[in-house]
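Have a look at run-v9.txt below; it lists compact mmCIF, C-alpha atoms.
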```txt
# COMPACT_ATOMS: atom_id res chain seq x y z
CA MET A 13 12.95 13.43 1.68
CA LEU A 14 11.28 12.03 -1.45
CA GLU A 15 12.38 8.58 -2.60
CA GLN A 16 14.53 8.70 -5.75
CA VAL A 17 13.64 6.39 -8.65
CA LEU A 18 14.81 5.78 -12.21
CA LEU A 19 12.02 5.89 -14.81
CA VAL A 20 12.45 3.80 -17.98
CA GLY A 21 10.45 4.39 -21.17
CA VAL A 22 10.60 2.10 -24.21
CA VAL A 23 10.13 3.35 -27.78
CA THR A 24 9.20 0.69 -30.37
CA PRO A 25 7.74 0.70 -33.91
CA PHE A 26 4.39 0.03 -32.26
CA GLN A 27 4.86 2.65 -29.53
CA PRO A 28 6.23 5.85 -31.08
CA LYS A 29 8.22 8.50 -29.22
CA PHE A 30 5.39 11.05 -28.86
CA GLU A 31 3.14 8.39 -27.32
CA VAL A 32 5.88 7.30 -24.92
CA ASP A 33 6.47 10.94 -23.90
CA GLU A 34 2.76 11.36 -23.13
CA ARG A 35 2.68 8.23 -20.99
CA LEU A 36 5.89 9.25 -19.22
CA GLN A 37 4.22 12.52 -18.22
CA GLU A 38 1.33 10.53 -16.84
CA MET A 39 3.68 8.21 -14.98
CA LYS A 40 5.34 11.25 -13.40
CA GLN A 41 1.94 12.24 -12.02
CA LEU A 42 1.40 8.72 -10.71
CA LEU A 43 4.80 8.74 -8.99
CA ASN A 44 4.14 12.21 -7.60
CA THR A 45 0.95 10.82 -6.03
CA LEU A 46 3.16 8.21 -4.34
CA GLU A 47 5.58 10.99 -3.28
CA ASN A 48 8.43 9.56 -5.35
CA GLU A 49 10.89 11.78 -7.19
CA ILE A 50 12.25 10.86 -10.61
CA ALA A 51 16.03 11.27 -10.48
CA GLU A 52 16.47 10.40 -14.16
CA THR A 53 14.39 9.30 -17.15
CA PHE A 54 16.03 6.67 -19.37
CA ILE A 55 14.65 6.18 -22.91
CA VAL A 56 15.30 2.90 -24.74
CA ASN A 57 14.78 2.62 -28.52
CA LEU A 58 13.97 -0.93 -29.61
CA LYS A 59 13.29 -2.51 -32.97
CA ARG A 60 11.70 -5.46 -31.20
CA ILE A 61 10.92 -6.48 -27.61
CA LYS A 62 13.13 -9.00 -25.80
CA PRO A 63 10.73 -11.57 -24.30
CA SER A 64 12.99 -12.37 -21.32
CA THR A 65 13.97 -8.82 -20.26
CA LEU A 66 12.00 -6.37 -22.45
CA ILE A 67 15.25 -4.49 -23.23
CA GLY A 68 18.65 -5.75 -24.43
CA LYS A 69 21.72 -6.58 -22.34
CA GLY A 70 23.55 -3.45 -23.49
CA LYS A 71 20.82 -1.17 -22.17
CA ILE A 72 20.66 -3.17 -18.95
CA ARG A 73 24.39 -2.49 -18.43
CA GLU A 74 23.83 1.23 -19.05
CA ILE A 75 20.99 1.28 -16.52
CA ARG A 76 23.12 -0.61 -13.96
CA ASN A 77 25.92 1.96 -14.33
CA LEU A 78 23.42 4.81 -13.99
CA LEU A 79 21.93 3.27 -10.84
CA SER A 80 25.39 3.02 -9.31
CA LEU A 81 26.22 6.61 -10.23
CA LEU A 82 22.96 8.02 -8.85
CA ASP A 83 22.75 5.60 -5.90
CA ILE A 84 19.17 4.55 -6.74
CA GLN A 85 17.51 1.35 -5.50
CA GLU A 86 14.28 1.37 -7.56
CA VAL A 87 13.57 1.23 -11.29
CA ILE A 88 10.10 2.01 -12.64
CA PHE A 89 9.17 0.78 -16.13
CA ASN A 90 6.52 2.81 -17.92
CA ASP A 91 5.16 -0.41 -19.45
CA ASP A 92 3.68 -3.56 -17.97
CA LEU A 93 6.24 -6.32 -17.47
CA SER A 94 5.68 -10.07 -17.52
CA PRO A 95 6.54 -12.02 -14.34
CA THR A 96 9.58 -13.47 -16.16
CA GLN A 97 10.81 -10.02 -17.16
CA VAL A 98 10.47 -8.74 -13.58
CA ARG A 99 12.46 -11.68 -12.19
CA ASN A 100 15.23 -11.39 -14.79
CA LEU A 101 15.55 -7.61 -14.53
CA ARG A 102 15.63 -7.74 -10.74
CA LYS A 103 18.39 -10.37 -10.90
CA MET A 104 20.44 -8.51 -13.50
CA LEU A 105 20.07 -5.01 -12.01
CA GLY A 106 20.09 -5.97 -8.34
CA VAL A 107 17.35 -3.47 -7.39
CA GLU A 108 13.58 -3.42 -7.00
CA ILE A 109 11.67 -3.40 -10.31
CA TYR A 110 8.16 -2.01 -10.69
CA ASP A 111 5.91 -1.70 -13.72
CA ARG A 112 2.92 0.51 -14.57
CA SER A 113 0.26 -1.79 -13.13
CA GLY A 114 2.25 -2.24 -9.92
CA ILE A 115 2.43 1.55 -9.40
CA ILE A 116 -1.32 2.00 -10.02
CA LEU A 117 -2.13 -0.81 -7.59
CA GLU A 118 0.09 0.79 -4.94
CA ILE A 119 -1.76 4.10 -5.32
CA PHE A 120 -5.10 2.33 -4.96
CA ALA A 121 -3.84 0.53 -1.86
CA ASN A 122 -2.79 3.86 -0.30
CA HIS A 123 -6.12 5.54 -1.07
CA ALA A 124 -8.52 2.73 -0.11
CA GLN A 125 -10.55 3.86 2.91
CA THR A 126 -13.65 1.66 3.19
CA LYS A 127 -13.79 -2.08 3.78
CA GLU A 128 -15.12 -2.61 0.26
CA ALA A 129 -12.35 -0.60 -1.40
CA LYS A 130 -9.68 -2.33 0.67
CA THR A 131 -11.09 -5.75 -0.25
CA GLN A 132 -11.19 -4.88 -3.94
CA VAL A 133 -7.65 -3.51 -3.98
CA GLU A 134 -6.23 -6.43 -1.99
CA LEU A 135 -7.80 -8.91 -4.41
CA ALA A 136 -6.42 -7.10 -7.46
CA THR A 137 -2.99 -6.84 -5.85
CA LEU A 138 -2.77 -10.53 -4.91
CA GLN A 139 -3.92 -11.60 -8.39
CA TYR A 140 -1.19 -9.38 -9.80
CA LEU A 141 1.47 -10.70 -7.39
CA LEU A 142 0.65 -14.43 -7.60
CA PRO A 143 2.57 -15.16 -10.83
CA ARG A 144 5.36 -12.83 -9.66
CA LEU A 145 6.07 -14.50 -6.29
CA THR A 146 9.72 -15.31 -5.62
CA GLY A 147 11.71 -16.34 -2.59
CA ARG A 148 11.80 -12.74 -1.37
CA TRP A 149 7.99 -12.69 -0.83
CA THR A 150 8.09 -14.59 2.49
CA HIS A 151 6.48 -11.60 4.21
CA LEU A 152 3.16 -12.54 2.60
CA GLU A 153 2.53 -15.15 5.28
CA ARG A 154 2.49 -12.34 7.84
CA GLN A 155 0.33 -10.07 5.67
CA ILE A 156 -2.22 -12.81 4.95
CA GLY A 157 -2.91 -13.59 8.57
CA GLY A 158 -5.60 -15.77 10.05
CA ILE A 159 -5.19 -18.72 7.67
CA SER A 160 -4.13 -21.94 9.39
CA VAL A 161 -2.10 -23.54 6.61
CA ARG A 162 1.18 -25.36 7.13
CA GLY A 163 3.51 -26.65 4.50
CA GLY A 164 4.04 -30.38 4.20
CA ALA A 165 7.41 -32.11 4.20
CA GLY A 166 9.64 -30.78 1.50
CA GLU A 167 7.30 -27.93 0.60
CA THR A 168 9.29 -24.83 -0.33
CA GLN A 169 8.59 -21.35 1.01
CA ILE A 170 7.50 -20.17 -2.43
CA GLU A 171 4.92 -22.99 -2.59
CA ILE A 172 3.62 -22.00 0.83
CA ASP A 173 3.38 -18.37 -0.26
CA ARG A 174 1.48 -19.30 -3.40
CA ARG A 175 -0.92 -21.52 -1.50
CA LEU A 176 -1.55 -18.84 1.12
CA THR A 177 -2.12 -16.30 -1.63
CA ARG A 178 -4.61 -18.51 -3.50
CA THR A 179 -6.48 -19.20 -0.25
CA ARG A 180 -6.69 -15.49 0.48
CA ILE A 181 -7.84 -14.73 -3.09
CA SER A 182 -10.67 -17.28 -2.74
CA LYS A 183 -11.82 -15.66 0.50
CA LEU A 184 -11.71 -12.14 -0.99
CA ILE A 185 -13.75 -13.28 -4.02
CA LYS A 186 -16.41 -14.66 -1.65
CA ASP A 187 -16.39 -11.39 0.32
CA LEU A 188 -16.90 -9.36 -2.87
CA ARG A 189 -19.76 -11.62 -3.99
CA LYS A 190 -21.44 -10.90 -0.66
CA ILE A 191 -20.89 -7.15 -1.17
CA ASP A 192 -22.30 -7.46 -4.69
CA LYS A 193 -25.48 -9.07 -3.34
CA GLU A 194 -25.83 -6.25 -0.81
CA ARG A 195 -25.47 -3.70 -3.61
CA ALA A 196 -28.13 -5.54 -5.63
CA VAL A 197 -30.53 -5.19 -2.68
CA GLN A 198 -29.72 -1.46 -2.48
CA GLN A 199 -30.38 -1.13 -6.22
CA LYS A 200 -33.92 -2.52 -5.84
CA GLY A 201 -34.84 0.47 -3.74
CA ARG A 202 -33.63 2.80 -6.51
CA ASN A 203 -35.49 1.27 -9.45
CA THR A 204 -38.00 4.12 -9.70
CA PHE A 205 -35.24 6.73 -10.08
CA PHE A 206 -33.55 7.82 -13.26
CA LYS A 207 -29.84 7.09 -12.68
CA ALA A 208 -26.86 9.00 -14.06
CA ALA A 209 -23.20 8.10 -13.53
CA LEU A 210 -20.26 10.50 -13.69
CA VAL A 211 -17.31 8.81 -15.40
CA GLY A 212 -14.02 10.19 -16.62
CA TYR A 213 -10.28 10.10 -16.53
CA THR A 214 -8.80 10.39 -13.08
CA ASN A 215 -8.53 14.01 -11.90
CA ALA A 216 -10.97 15.29 -14.56
CA GLY A 217 -13.17 17.02 -11.98
CA LYS A 218 -15.98 14.50 -11.44
CA SER A 219 -15.98 14.83 -7.66
CA THR A 220 -16.05 18.64 -7.86
CA LEU A 221 -19.07 18.41 -10.15
CA MET A 222 -20.73 15.89 -7.82
CA ASN A 223 -20.25 18.15 -4.79
CA MET A 224 -21.58 21.18 -6.65
CA PHE A 225 -24.72 19.40 -7.90
CA THR A 226 -25.67 17.50 -4.72
CA GLY A 227 -24.03 19.35 -1.85
CA SER A 228 -22.10 16.20 -0.92
CA SER A 229 -18.53 16.21 0.39
CA VAL A 230 -16.63 13.81 -1.86
CA PRO A 231 -12.87 14.35 -1.29
CA VAL A 232 -11.34 16.60 -3.96
CA GLU A 233 -7.56 16.60 -4.43
CA ASP A 234 -5.22 17.46 -7.27
CA LYS A 235 -3.98 13.86 -7.28
CA LEU A 236 -4.69 10.80 -9.39
CA PHE A 237 -7.27 8.38 -7.94
CA ALA A 238 -8.20 10.55 -4.95
CA THR A 239 -11.66 8.90 -4.96
CA LEU A 240 -12.05 5.10 -4.96
CA ASP A 241 -15.51 4.58 -3.48
CA THR A 242 -18.71 5.26 -5.39
CA THR A 243 -20.89 8.01 -3.93
CA VAL A 244 -24.60 8.07 -4.82
CA ARG A 245 -26.77 11.13 -4.08
CA ILE A 246 -30.13 12.52 -5.17
CA TYR A 247 -29.80 15.49 -7.52
CA ARG A 248 -32.84 17.75 -8.02
CA LEU A 249 -32.76 19.14 -11.55
CA ASP A 250 -35.96 21.14 -11.10
CA LYS A 251 -39.11 20.87 -8.99
CA TYR A 252 -40.41 18.04 -11.21
CA HIS A 253 -37.26 16.00 -11.87
CA ASP A 254 -34.93 14.17 -9.50
CA LEU A 255 -32.22 11.71 -10.43
CA LEU A 256 -29.70 9.51 -8.66
CA LEU A 257 -26.21 10.76 -9.47
CA SER A 258 -23.18 8.55 -8.80
CA ASP A 259 -19.49 9.48 -8.76
CA THR A 260 -17.16 6.57 -9.51
CA ILE A 261 -13.43 5.91 -9.47
CA GLY A 262 -11.40 7.64 -12.15
CA PHE A 263 -10.17 5.77 -15.21
CA ILE A 264 -6.72 5.75 -16.77
CA ARG A 265 -5.15 4.33 -19.91
CA LYS A 266 -4.41 0.63 -19.57
CA LEU A 267 -6.12 0.36 -16.19
CA PRO A 268 -4.97 -3.05 -14.86
CA HIS A 269 -7.37 -5.83 -15.82
CA HIS A 270 -7.42 -7.27 -12.28
CA LEU A 271 -8.37 -3.87 -10.93
CA ILE A 272 -11.39 -3.50 -13.24
CA ALA A 273 -12.49 -7.06 -12.40
CA SER A 274 -12.16 -6.46 -8.64
CA PHE A 275 -14.01 -3.14 -8.78
CA ARG A 276 -16.98 -4.53 -10.73
CA SER A 277 -19.31 -4.22 -7.73
CA THR A 278 -18.33 -0.55 -7.36
CA LEU A 279 -18.56 0.04 -11.11
CA ARG A 280 -21.98 -1.60 -11.18
CA GLU A 281 -23.38 1.91 -10.75
CA VAL A 282 -22.02 2.67 -14.23
CA LYS A 283 -23.45 -0.48 -15.79
CA ASP A 284 -26.88 0.12 -14.22
CA ALA A 285 -27.02 3.82 -15.10
CA ASP A 286 -29.59 5.21 -17.54
CA LEU A 287 -27.24 8.03 -18.53
CA ILE A 288 -23.44 8.22 -18.64
CA ILE A 289 -21.96 11.68 -18.09
CA LYS A 290 -18.40 11.60 -19.44
CA VAL A 291 -16.27 14.30 -17.82
CA ALA A 292 -13.06 15.26 -19.64
CA ASP A 293 -10.34 17.74 -18.63
CA ILE A 294 -10.07 20.11 -21.59
CA SER A 295 -7.08 21.85 -19.99
CA SER A 296 -5.02 18.68 -20.57
CA SER A 297 -3.14 18.27 -23.84
CA GLN A 298 -4.16 14.60 -23.66
CA CYS A 299 -7.86 15.38 -23.33
CA LEU A 300 -9.00 13.45 -26.41
CA ASN A 301 -6.79 10.45 -25.70
CA GLN A 302 -8.11 10.37 -22.16
CA LEU A 303 -11.66 10.39 -23.48
CA LYS A 304 -10.81 7.38 -25.66
CA ALA A 305 -9.39 5.60 -22.60
CA VAL A 306 -12.70 6.19 -20.78
CA ASP A 307 -14.58 4.67 -23.72
CA GLU A 308 -12.31 1.62 -23.62
CA VAL A 309 -13.21 0.97 -19.98
CA LEU A 310 -16.92 1.50 -20.73
CA VAL A 311 -16.65 -1.16 -23.44
CA GLN A 312 -15.18 -3.56 -20.87
CA LEU A 313 -18.08 -2.75 -18.52
CA GLU A 314 -20.63 -3.27 -21.34
CA ALA A 315 -21.82 0.31 -20.83
CA TYR A 316 -20.48 2.02 -23.96
CA ASN A 317 -23.80 2.10 -25.86
CA LYS A 318 -25.78 3.77 -23.10
CA PRO A 319 -27.12 7.32 -23.64
CA SER A 320 -24.33 9.75 -22.80
CA ILE A 321 -23.41 13.41 -22.46
CA ILE A 322 -19.82 14.54 -22.98
CA VAL A 323 -18.74 17.32 -20.63
CA PHE A 324 -15.48 19.19 -21.14
CA ASN A 325 -14.50 20.58 -17.74
CA LYS A 326 -11.94 23.23 -16.67
CA ILE A 327 -12.67 25.69 -19.49
CA ASP A 328 -11.31 28.44 -17.23
CA ILE A 329 -7.76 27.11 -17.67
CA MET A 330 -7.96 25.45 -21.10
CA GLU A 331 -5.64 26.04 -24.03
CA ASN A 332 -7.56 27.30 -27.06
CA ARG A 333 -5.41 25.31 -29.49
CA ILE A 334 -7.48 22.13 -29.07
CA LEU A 335 -10.86 23.84 -28.65
CA LYS A 336 -11.54 23.97 -32.40
CA GLN A 337 -10.85 20.27 -32.85
CA VAL A 338 -12.93 19.33 -29.81
CA LYS A 339 -15.94 21.33 -31.02
CA ARG A 340 -15.62 19.74 -34.46
CA ASP A 341 -15.36 16.18 -33.12
CA TYR A 342 -17.96 16.60 -30.36
CA PRO A 343 -20.55 19.14 -31.58
CA ASP A 344 -23.10 18.18 -28.89
CA ALA A 345 -20.68 18.41 -25.97
CA VAL A 346 -21.12 20.77 -23.02
CA PHE A 347 -18.27 23.05 -21.87
CA ILE A 348 -18.12 23.97 -18.17
CA SER A 349 -15.94 24.82 -15.20
CA ALA A 350 -17.23 22.88 -12.20
CA LEU A 351 -14.81 24.62 -9.85
CA ASN A 352 -15.96 28.11 -10.85
CA ASN A 353 -19.60 27.22 -11.57
CA LEU A 354 -19.36 28.33 -15.21
CA ARG A 355 -22.06 27.31 -17.74
CA ILE A 356 -23.48 24.73 -15.36
CA ASP A 357 -27.04 25.53 -16.49
CA GLU A 358 -26.14 24.23 -19.96
CA LEU A 359 -25.23 20.88 -18.47
CA ARG A 360 -28.41 20.87 -16.39
CA ARG A 361 -30.51 21.49 -19.50
CA ALA A 362 -28.68 18.73 -21.40
CA ILE A 363 -29.44 16.23 -18.62
CA LEU A 364 -33.06 17.37 -18.44
CA LYS A 365 -33.43 16.89 -22.20
CA VAL A 366 -32.37 13.24 -21.84
CA LEU A 367 -34.75 12.72 -18.92
CA GLU A 368 -37.71 14.13 -20.81
CA LYS A 369 -37.09 11.72 -23.69
CA GLU A 370 -37.40 8.85 -21.23
CA GLU A 371 -40.75 10.03 -19.86
CA MET A 372 -44.21 8.88 -20.93
CA GLN A 373 -47.40 10.73 -20.09
CA LEU A 374 -50.38 8.58 -19.07
CA LYS A 375 -53.95 8.90 -17.83
CA LEU A 376 -55.76 6.47 -15.52
CA ASN A 377 -59.24 6.24 -14.06
CA LEU A 378 -59.18 4.87 -10.51
CA PRO A 379 -61.69 4.43 -7.67
CA ILE A 380 -61.26 7.12 -5.03
CA ASN A 381 -61.16 4.45 -2.32
CA TYR A 382 -58.16 2.76 -3.98
CA VAL A 383 -55.84 4.53 -1.53
CA LYS A 384 -52.80 2.28 -2.00
CA GLY A 385 -52.88 2.63 -5.78
CA LEU A 386 -53.07 6.42 -5.56
CA ALA A 387 -50.21 6.40 -3.05
CA VAL A 388 -48.06 4.28 -5.40
CA LEU A 389 -48.67 6.77 -8.23
CA ARG A 390 -47.89 9.79 -6.09
CA ASP A 391 -44.68 8.20 -4.77
CA ASN A 392 -43.32 7.05 -8.11
CA THR A 393 -44.62 9.46 -10.77
CA ARG A 394 -45.02 13.16 -11.44
CA ILE A 395 -48.71 14.00 -11.08
CA ILE A 396 -49.94 16.45 -13.73
CA SER A 397 -53.66 16.63 -12.85
CA GLU A 398 -56.37 14.95 -10.76
CA ASN A 399 -60.11 15.29 -11.51
CA TYR A 400 -62.67 13.76 -9.11
CA SER A 401 -66.28 12.77 -9.91
CA ASP A 402 -68.77 10.02 -8.89
CA GLY A 403 -66.37 8.16 -6.64
CA GLU A 404 -63.61 8.04 -9.26
CA VAL A 405 -60.55 10.06 -10.12
CA ASP A 406 -59.03 10.75 -13.52
CA ILE A 407 -55.34 11.08 -12.83
CA GLU A 408 -52.79 12.21 -15.42
CA PHE A 409 -49.11 11.66 -14.69
CA SER A 410 -45.62 11.39 -16.16
CA VAL A 411 -43.44 8.34 -15.50
CA TYR A 412 -40.12 6.99 -16.77
CA ARG A 413 -40.55 4.28 -19.41
CA LYS A 414 -38.35 1.84 -17.49
CA VAL A 415 -40.45 2.35 -14.33
CA TRP A 416 -43.85 1.87 -15.96
CA PRO A 417 -43.77 -1.98 -16.32
CA TRP A 418 -42.98 -2.33 -12.60
CA LEU A 419 -45.56 0.29 -11.63
CA LYS A 420 -48.19 -1.28 -13.87
CA THR A 421 -47.90 -4.65 -12.08
CA ARG A 422 -48.45 -2.87 -8.75
CA LEU A 423 -51.70 -1.39 -10.08
CA VAL A 424 -53.31 -4.13 -12.16
CA GLN A 425 -53.35 -6.49 -9.21
CA LYS A 426 -56.02 -4.24 -7.70
CA VAL A 427 -57.90 -2.53 -10.48
CA GLU A 428 -58.66 -2.59 -14.19
CA PHE A 429 -58.00 0.66 -16.00
CA GLU A 430 -57.96 2.27 -19.37
CA LEU A 431 -54.52 3.47 -20.42
CA VAL A 432 -53.99 6.45 -22.70
CA ASP A 433 -50.45 7.13 -23.89
CA LYS A 434 -49.92 10.87 -24.24
CA SER A 435 -46.24 10.65 -25.17
```
As C-alpha cells, what does this structure read like?
Amino acid sequence: MLEQVLLVGVVTPFQPKFEVDERLQEMKQLLNTLENEIAETFIVNLKRIKPSTLIGKGKIREIRNLLSLLDIQEVIFNDDLSPTQVRNLRKMLGVEIYDRSGIILEIFANHAQTKEAKTQVELATLQYLLPRLTGRWTHLERQIGGISVRGGAGETQIEIDRRLTRTRISKLIKDLRKIDKERAVQQKGRNTFFKAALVGYTNAGKSTLMNMFTGSSVPVEDKLFATLDTTVRIYRLDKYHDLLLSDTIGFIRKLPHHLIASFRSTLREVKDADLIIKVADISSSQCLNQLKAVDEVLVQLEAYNKPSIIVFNKIDIMENRILKQVKRDYPDAVFISALNNLRIDELRRAILKVLEKEEMQLKLNLPINYVKGLAVLRDNTRIISENYSDGEVDIEFSVYRKVWPWLKTRLVQKVEFELVDKS
C-alpha cells in the first residue's frame, strides 16, 4: 500500500498560481518516484510569507483538521522551508514535515548505487540536516557509525548529534577530495579527445540517447533521477572522428545547493566538456522552463558559455502547440526521438559541424627514423597524407586546436620543424 501524504502549495505575489500548479505537478512526479500517494493537495494563498511558519495560524488549523480527517502522518511542502519553519510546523501539526529539497535528497539517497554517489548524497543530506537537528534525531549516532566520540558532562544529545554530524561531514569532504583527484588523473588520459556532455532536465531522455550512440547500458526508467553516476564512453561519429560522450545526472528546478556542491566531482565532466548537448523533453508542457532550469545549473557550474547544441527529444509524442514557439526561439535546435531513432543523423551532423570548427590542418617534415614522433602523431591526430623522400616524411594531419599545444611540446623536444597552418 502506498504511503498517503498531504501536499501543500503556497501562492504568493511572487509565486503566481500557474507557476505553483506547474511545480505541484513536478512534485507529484517526485513523490511518485518515492512511491508516495498524494491523498489531498492543499493550496494556501498568502499576501506575505510568515517567517516562523511560512503560512498563518488559521491555515495551520485547517491543515491539522484535514490531517485528522484523512488520518495522514506526513505533510510535504512544495517549497523549501527554513529549519525554524520545519521545527515550528512539526510542533504545531504534530506530524512529520518535509520540504522540496528533503524529498529530492531522499530520491537521490534511494538511487545512489556506487560508492561515489553514496558519498556525495550522504554529504548533501547531512549538510541539509545539520541546522534542522532536534531531539528526535538521536538515531544519527547509529547511522554515523565508526566515530569514537563521547559527550562530556552536561552535553545534551542534540549537541552530540551535531558534533557527530560535523565530524562525519569533514570525513566525507576528504573522501570526495580524494575522488576528485582520482578523476583528475583519469581526465589526463582523455586530453587528446574532443569531449561532449549530455545535460538536461531529469527524465528528458539523455540516457536513452547515450545508449543509442555508444551501445552502453545506462539504466533507463520513466522516473526522475534514475541515473546519478556519470557514464563516459567513446562515440564514433564517422571513420575520422571520435569523441568522448558523457551522460550526467539530470537537473531540476531549484536543485538543492548542497547537492550541486557535493556532486561537483561528478559534474566535472560537464565543466571540462568542449561541447554541451542540452537535451529537452518537447513532449512536456514545461519544456522551455525546464531548459531555463538547465541553464541555471550550467551557470552555477561555470559551463554556460561553452559551445552547445540544443536537442528537443521525444518528437514522436510532442504536442504541436509549443512547436512553433520552440522553433522561433531556438532556430538552430535539432528535433529527434532517441527512443525511436528518428532524425538522429541531423544530430550527428550538428555535432560533427562543431568538431570540424575545432580542427586545424597542419603539415610537418620529420626524419623517417623519428619513430616516436610519428607514433605520437598517428595516435593523437587524423593523418591526411604521408610522402616519403630522402630519409624524410612530409606528413599532413588534422588535430584539435586544444590538443595541438600539448602535442607540439611532445614533438619539439626531439626535432625542429616547419609548421604550415592549413585551417
Neighbour list for segment 36-38 of chain A as an MDAnalysis selection string, cut-off 9 Å, all atoms listed in the file, skip fewer than 6 positions in-chain = chainID A and resid 19:21 53 90
Distance of atom CA of Ser94 of chain A from atom CA of Leu81 of chain A, expressed in Å to one decimal place |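 Distance between the two atoms: 27.4 Å.
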Go through A:Arg333, A:Arg180, A:His253, A:Arg175 one by one, measure the shortest atom-to-atom distance of each to Ile395 of chain A using all atoms listed in the file, and give the residue with the smallest value.
-> A:His253
May I have the protein, DNA and RNA residues with any atom at most 7 Å from the point (-63.0, 6.4, -15.1), counting all atoms listed in the file, written as a PyMOL selection string?
-> chain A and resi 377-378+404-406
Nearest residue to Met330 of chain A from the set A:Leu354, A:Asp286, A:Leu176, A:Ser295 (distances using all atoms listed in the file) |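 That would be A:Ser295, the residue with the smallest distance to Met330 of chain A.
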Could you tell me which of A:Leu279, A:Ile261, A:Ile88, A:Leu117 comes closest to Asp192 of chain A if we count only C-alpha atoms?
->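 Looking only at the distances to Asp192 of chain A, the closest residue turns out to be A:Leu279.
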May I have the protein, DNA and RNA residues with any atom at most 12 Å from the point (-47.6, 3.2, -10.5), counting all atoms listed in the file, written as a PDB file with C-alpha atoms, in the frame of the given file?
```pdb
ATOM      1  CA  THR A 204     -38.000   4.120  -9.700  1.00  0.00           C
ATOM      2  CA  LEU A 374     -50.380   8.580 -19.070  1.00  0.00           C
ATOM      3  CA  LYS A 375     -53.950   8.900 -17.830  1.00  0.00           C
ATOM      4  CA  LEU A 376     -55.760   6.470 -15.520  1.00  0.00           C
ATOM      5  CA  LEU A 378     -59.180   4.870 -10.510  1.00  0.00           C
ATOM      6  CA  LYS A 384     -52.800   2.280  -2.000  1.00  0.00           C
ATOM      7  CA  GLY A 385     -52.880   2.630  -5.780  1.00  0.00           C
ATOM      8  CA  LEU A 386     -53.070   6.420  -5.560  1.00  0.00           C
ATOM      9  CA  ALA A 387     -50.210   6.400  -3.050  1.00  0.00           C
ATOM     10  CA  VAL A 388     -48.060   4.280  -5.400  1.00  0.00           C
ATOM     11  CA  LEU A 389     -48.670   6.770  -8.230  1.00  0.00           C
ATOM     12  CA  ARG A 390     -47.890   9.790  -6.090  1.00  0.00           C
ATOM     13  CA  ASP A 391     -44.680   8.200  -4.770  1.00  0.00           C
ATOM     14  CA  ASN A 392     -43.320   7.050  -8.110  1.00  0.00           C
ATOM     15  CA  THR A 393     -44.620   9.460 -10.770  1.00  0.00           C
ATOM     16  CA  ARG A 394     -45.020  13.160 -11.440  1.00  0.00           C
ATOM     17  CA  ILE A 395     -48.710  14.000 -11.080  1.00  0.00           C
ATOM     18  CA  ILE A 407     -55.340  11.080 -12.830  1.00  0.00           C
ATOM     19  CA  GLU A 408     -52.790  12.210 -15.420  1.00  0.00           C
ATOM     20  CA  PHE A 409     -49.110  11.660 -14.690  1.00  0.00           C
ATOM     21  CA  SER A 410     -45.620  11.390 -16.160  1.00  0.00           C
ATOM     22  CA  VAL A 411     -43.440   8.340 -15.500  1.00  0.00           C
ATOM     23  CA  TYR A 412     -40.120   6.990 -16.770  1.00  0.00           C
ATOM     24  CA  ARG A 413     -40.550   4.280 -19.410  1.00  0.00           C
ATOM     25  CA  LYS A 414     -38.350   1.840 -17.490  1.00  0.00           C
ATOM     26  CA  VAL A 415     -40.450   2.350 -14.330  1.00  0.00           C
ATOM     27  CA  TRP A 416     -43.850   1.870 -15.960  1.00  0.00           C
ATOM     28  CA  PRO A 417     -43.770  -1.980 -16.320  1.00  0.00           C
ATOM     29  CA  TRP A 418     -42.980  -2.330 -12.600  1.00  0.00           C
ATOM     30  CA  LEU A 419     -45.560   0.290 -11.630  1.00  0.00           C
ATOM     31  CA  LYS A 420     -48.190  -1.280 -13.870  1.00  0.00           C
ATOM     32  CA  THR A 421     -47.900  -4.650 -12.080  1.00  0.00           C
ATOM     33  CA  ARG A 422     -48.450  -2.870  -8.750  1.00  0.00           C
ATOM     34  CA  LEU A 423     -51.700  -1.390 -10.080  1.00  0.00           C
ATOM     35  CA  VAL A 424     -53.310  -4.130 -12.160  1.00  0.00           C
ATOM     36  CA  GLN A 425     -53.350  -6.490  -9.210  1.00  0.00           C
ATOM     37  CA  LYS A 426     -56.020  -4.240  -7.700  1.00  0.00           C
ATOM     38  CA  VAL A 427     -57.900  -2.530 -10.480  1.00  0.00           C
TER      39      VAL A 427
END
```
Residue nearest Asn317 of chain A - candidates A:Ile84, A:Leu287, A:Leu142, A:Leu364, atoms counted: only C-alpha atoms | A:Leu287
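Reported to one decimal place, the separation of atom CA of Arg144 of chain A from atom CA of Tyr213 of chain A is 28.6 Å.
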Fill-in result for segment 283-290 of chain A, N, CA and C atoms as a PDB file, in the frame of the given file:
```
ATOM      1  N   LYS A 283     -22.737   0.471 -14.932  1.00  0.00           N
ATOM      2  CA  LYS A 283     -23.450  -0.480 -15.790  1.00  0.00           C
ATOM      3  C   LYS A 283     -24.959  -0.333 -15.654  1.00  0.00           C
ATOM      4  N   ASP A 284     -25.443   0.004 -14.456  1.00  0.00           N
ATOM      5  CA  ASP A 284     -26.880   0.120 -14.220  1.00  0.00           C
ATOM      6  C   ASP A 284     -27.438   1.512 -14.517  1.00  0.00           C
ATOM      7  N   ALA A 285     -26.569   2.438 -14.883  1.00  0.00           N
ATOM      8  CA  ALA A 285     -27.020   3.820 -15.100  1.00  0.00           C
ATOM      9  C   ALA A 285     -27.865   3.937 -16.372  1.00  0.00           C
ATOM     10  N   ASP A 286     -28.792   4.898 -16.353  1.00  0.00           N
ATOM     11  CA  ASP A 286     -29.590   5.210 -17.540  1.00  0.00           C
ATOM     12  C   ASP A 286     -28.891   6.241 -18.414  1.00  0.00           C
ATOM     13  N   LEU A 287     -27.973   6.990 -17.816  1.00  0.00           N
ATOM     14  CA  LEU A 287     -27.240   8.030 -18.530  1.00  0.00           C
ATOM     15  C   LEU A 287     -25.805   8.065 -18.044  1.00  0.00           C
ATOM     16  N   ILE A 288     -24.863   8.088 -18.976  1.00  0.00           N
ATOM     17  CA  ILE A 288     -23.440   8.220 -18.640  1.00  0.00           C
ATOM     18  C   ILE A 288     -23.015   9.652 -18.930  1.00  0.00           C
ATOM     19  N   ILE A 289     -22.486  10.328 -17.916  1.00  0.00           N
ATOM     20  CA  ILE A 289     -21.960  11.680 -18.090  1.00  0.00           C
ATOM     21  C   ILE A 289     -20.440  11.587 -18.096  1.00  0.00           C
ATOM     22  N   LYS A 290     -19.853  11.730 -19.288  1.00  0.00           N
ATOM     23  CA  LYS A 290     -18.400  11.600 -19.440  1.00  0.00           C
ATOM     24  C   LYS A 290     -17.749  12.957 -19.211  1.00  0.00           C
TER      25      LYS A 290
END
```
